[in-house]
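These notes concern the structure reproduced below.
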Amino acid sequence: MKRRKNSFRHDSLQSQESIQVILKALTDGVAKGKITFSDEDDSITMKLEGLLNLRLTASQEDNRNRVNLRITWENSGRKAPKKKALSVSSKR
């Protein structure tokens with residue numbers, strides 16, 4: 001039986017402080033193994049299991065800056081790919 005796809009998307013303009021609050025809630029949810037995303041239109045709850053794949057990309061083009069953070073996992077006992085060291089800094 002094929003499972004149905006549930007998805008959530010939210011786009012908005014936020015301050016640096018509100019982004020910090022959102023990222024803190026995300027890290028708290030990862031620590032607890034459960035994350036709920038919601039807004040006035042929709043919601044989704046995800047349970048984290050096992051090892052998680054992390055993809056982090058950053059780019060600058062002209063005056064546009066972008067950071068993408070993607071965390072994926074499967075709810076099965078799949079073998080994890082090789083881990084690579086990551087460094088993230090807020091130094092100027």
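All residue names refer to the structure tokens as shown: chains lettered A, B, ... in order, residues numbered from 1 in each chain, ligands numbered from 1 in order.
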Quick check for you: according to DSSP on this backbone, which residues of chain A are classed as strand (DSSP E)? Reply as a PyMOL selection string. chain A and resi 34-38+43-47+53-61+64-72
Output of the above residues as a PDB file, in the first residue's frame, restricted to N, CA and C atoms:
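Result went into selection-v9.pdb, see below:
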```pdb
ATOM      1  N   LYS A  34      10.786  14.922  17.705  1.00  0.00           N
ATOM      2  CA  LYS A  34       9.472  15.236  17.124  1.00  0.00           C
ATOM      3  C   LYS A  34       9.408  16.722  16.797  1.00  0.00           C
ATOM      4  N   ILE A  35       8.986  17.038  15.577  1.00  0.00           N
ATOM      5  CA  ILE A  35       8.862  18.428  15.140  1.00  0.00           C
ATOM      6  C   ILE A  35       7.471  18.626  14.551  1.00  0.00           C
ATOM      7  N   THR A  36       6.816  19.708  14.951  1.00  0.00           N
ATOM      8  CA  THR A  36       5.531  20.080  14.371  1.00  0.00           C
ATOM      9  C   THR A  36       5.682  21.442  13.702  1.00  0.00           C
ATOM     10  N   PHE A  37       5.283  21.513  12.445  1.00  0.00           N
ATOM     11  CA  PHE A  37       5.261  22.761  11.684  1.00  0.00           C
ATOM     12  C   PHE A  37       3.804  23.141  11.484  1.00  0.00           C
ATOM     13  N   SER A  38       3.475  24.422  11.695  1.00  0.00           N
ATOM     14  CA  SER A  38       2.079  24.826  11.492  1.00  0.00           C
ATOM     15  C   SER A  38       2.003  26.319  11.215  1.00  0.00           C
ATOM     16  N   SER A  43      -0.692  22.118   8.914  1.00  0.00           N
ATOM     17  CA  SER A  43       0.272  21.650   9.904  1.00  0.00           C
ATOM     18  C   SER A  43       0.735  20.241   9.548  1.00  0.00           C
ATOM     19  N   ILE A  44       1.924  19.902  10.055  1.00  0.00           N
ATOM     20  CA  ILE A  44       2.467  18.562   9.878  1.00  0.00           C
ATOM     21  C   ILE A  44       3.348  18.252  11.079  1.00  0.00           C
ATOM     22  N   THR A  45       3.276  17.019  11.579  1.00  0.00           N
ATOM     23  CA  THR A  45       4.127  16.559  12.670  1.00  0.00           C
ATOM     24  C   THR A  45       4.993  15.430  12.140  1.00  0.00           C
ATOM     25  N   MET A  46       6.290  15.518  12.438  1.00  0.00           N
ATOM     26  CA  MET A  46       7.246  14.524  11.954  1.00  0.00           C
ATOM     27  C   MET A  46       7.991  13.936  13.139  1.00  0.00           C
ATOM     28  N   LYS A  47       8.143  12.616  13.166  1.00  0.00           N
ATOM     29  CA  LYS A  47       8.926  11.931  14.189  1.00  0.00           C
ATOM     30  C   LYS A  47      10.266  11.549  13.575  1.00  0.00           C
ATOM     31  N   ASN A  53      20.188  12.615   7.546  1.00  0.00           N
ATOM     32  CA  ASN A  53      21.053  13.191   6.518  1.00  0.00           C
ATOM     33  C   ASN A  53      20.939  14.703   6.584  1.00  0.00           C
ATOM     34  N   LEU A  54      22.072  15.393   6.512  1.00  0.00           N
ATOM     35  CA  LEU A  54      22.093  16.849   6.549  1.00  0.00           C
ATOM     36  C   LEU A  54      22.713  17.369   5.263  1.00  0.00           C
ATOM     37  N   ARG A  55      22.023  18.296   4.618  1.00  0.00           N
ATOM     38  CA  ARG A  55      22.557  19.002   3.450  1.00  0.00           C
ATOM     39  C   ARG A  55      22.463  20.485   3.741  1.00  0.00           C
ATOM     40  N   LEU A  56      23.610  21.152   3.732  1.00  0.00           N
ATOM     41  CA  LEU A  56      23.677  22.578   3.988  1.00  0.00           C
ATOM     42  C   LEU A  56      24.353  23.236   2.800  1.00  0.00           C
ATOM     43  N   THR A  57      23.680  24.220   2.202  1.00  0.00           N
ATOM     44  CA  THR A  57      24.272  24.958   1.088  1.00  0.00           C
ATOM     45  C   THR A  57      24.173  26.447   1.391  1.00  0.00           C
ATOM     46  N   ALA A  58      25.193  27.182   0.945  1.00  0.00           N
ATOM     47  CA  ALA A  58      25.207  28.634   1.113  1.00  0.00           C
ATOM     48  C   ALA A  58      25.736  29.241  -0.173  1.00  0.00           C
ATOM     49  N   SER A  59      25.131  30.345  -0.605  1.00  0.00           N
ATOM     50  CA  SER A  59      25.585  30.997  -1.832  1.00  0.00           C
ATOM     51  C   SER A  59      25.378  32.501  -1.750  1.00  0.00           C
ATOM     52  N   GLN A  60      26.207  33.206  -2.511  1.00  0.00           N
ATOM     53  CA  GLN A  60      26.089  34.657  -2.660  1.00  0.00           C
ATOM     54  C   GLN A  60      26.167  34.971  -4.142  1.00  0.00           C
ATOM     55  N   GLU A  61      25.211  35.742  -4.627  1.00  0.00           N
ATOM     56  CA  GLU A  61      25.204  36.163  -6.020  1.00  0.00           C
ATOM     57  C   GLU A  61      24.707  37.600  -6.056  1.00  0.00           C
ATOM     58  N   ARG A  64      22.205  39.058  -3.467  1.00  0.00           N
ATOM     59  CA  ARG A  64      21.321  38.018  -2.930  1.00  0.00           C
ATOM     60  C   ARG A  64      22.140  36.945  -2.210  1.00  0.00           C
ATOM     61  N   ASN A  65      21.762  36.664  -0.976  1.00  0.00           N
ATOM     62  CA  ASN A  65      22.404  35.634  -0.163  1.00  0.00           C
ATOM     63  C   ASN A  65      21.383  34.550   0.143  1.00  0.00           C
ATOM     64  N   ARG A  66      21.859  33.312   0.210  1.00  0.00           N
ATOM     65  CA  ARG A  66      20.934  32.198   0.453  1.00  0.00           C
ATOM     66  C   ARG A  66      21.605  31.137   1.300  1.00  0.00           C
ATOM     67  N   VAL A  67      20.872  30.622   2.277  1.00  0.00           N
ATOM     68  CA  VAL A  67      21.285  29.467   3.065  1.00  0.00           C
ATOM     69  C   VAL A  67      20.131  28.477   3.024  1.00  0.00           C
ATOM     70  N   ASN A  68      20.423  27.264   2.617  1.00  0.00           N
ATOM     71  CA  ASN A  68      19.420  26.201   2.601  1.00  0.00           C
ATOM     72  C   ASN A  68      19.871  25.103   3.552  1.00  0.00           C
ATOM     73  N   LEU A  69      18.967  24.665   4.385  1.00  0.00           N
ATOM     74  CA  LEU A  69      19.217  23.585   5.327  1.00  0.00           C
ATOM     75  C   LEU A  69      18.200  22.486   5.051  1.00  0.00           C
ATOM     76  N   ARG A  70      18.689  21.297   4.753  1.00  0.00           N
ATOM     77  CA  ARG A  70      17.784  20.178   4.480  1.00  0.00           C
ATOM     78  C   ARG A  70      18.173  19.016   5.377  1.00  0.00           C
ATOM     79  N   ILE A  71      17.205  18.505   6.112  1.00  0.00           N
ATOM     80  CA  ILE A  71      17.393  17.334   6.967  1.00  0.00           C
ATOM     81  C   ILE A  71      16.434  16.268   6.468  1.00  0.00           C
ATOM     82  N   THR A  72      16.960  15.101   6.160  1.00  0.00           N
ATOM     83  CA  THR A  72      16.104  14.008   5.680  1.00  0.00           C
ATOM     84  C   THR A  72      16.406  12.731   6.470  1.00  0.00           C
TER      85      THR A  72
END
```
Worksheet entry | Atom-to-atom span, atom CA of Ser87 of chain A and atom CA of Asp28 of chain A, Å |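 Spanning atom CA of Ser87 of chain A to atom CA of Asp28 of chain A is a straight-line distance of 20.2 Å.
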Check segment 10-86 of chain A with DSSP on the backbone and list each residue it calls helix (DSSP H, G or I), as a ChimeraX atom specification.
/A:16-32
- [ ] Rounded to one decimal place, report the atom CA of Leu23 of chain A-atom CA of Leu48 of chain A distance in Å.
- [x]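 Separation between atom CA of Leu23 of chain A and atom CA of Leu48 of chain A: 16.4 Å.
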As a check of understanding: the span from atom CA of Asp11 of chain A to atom CA of Thr27 of chain A is 19.6 Å
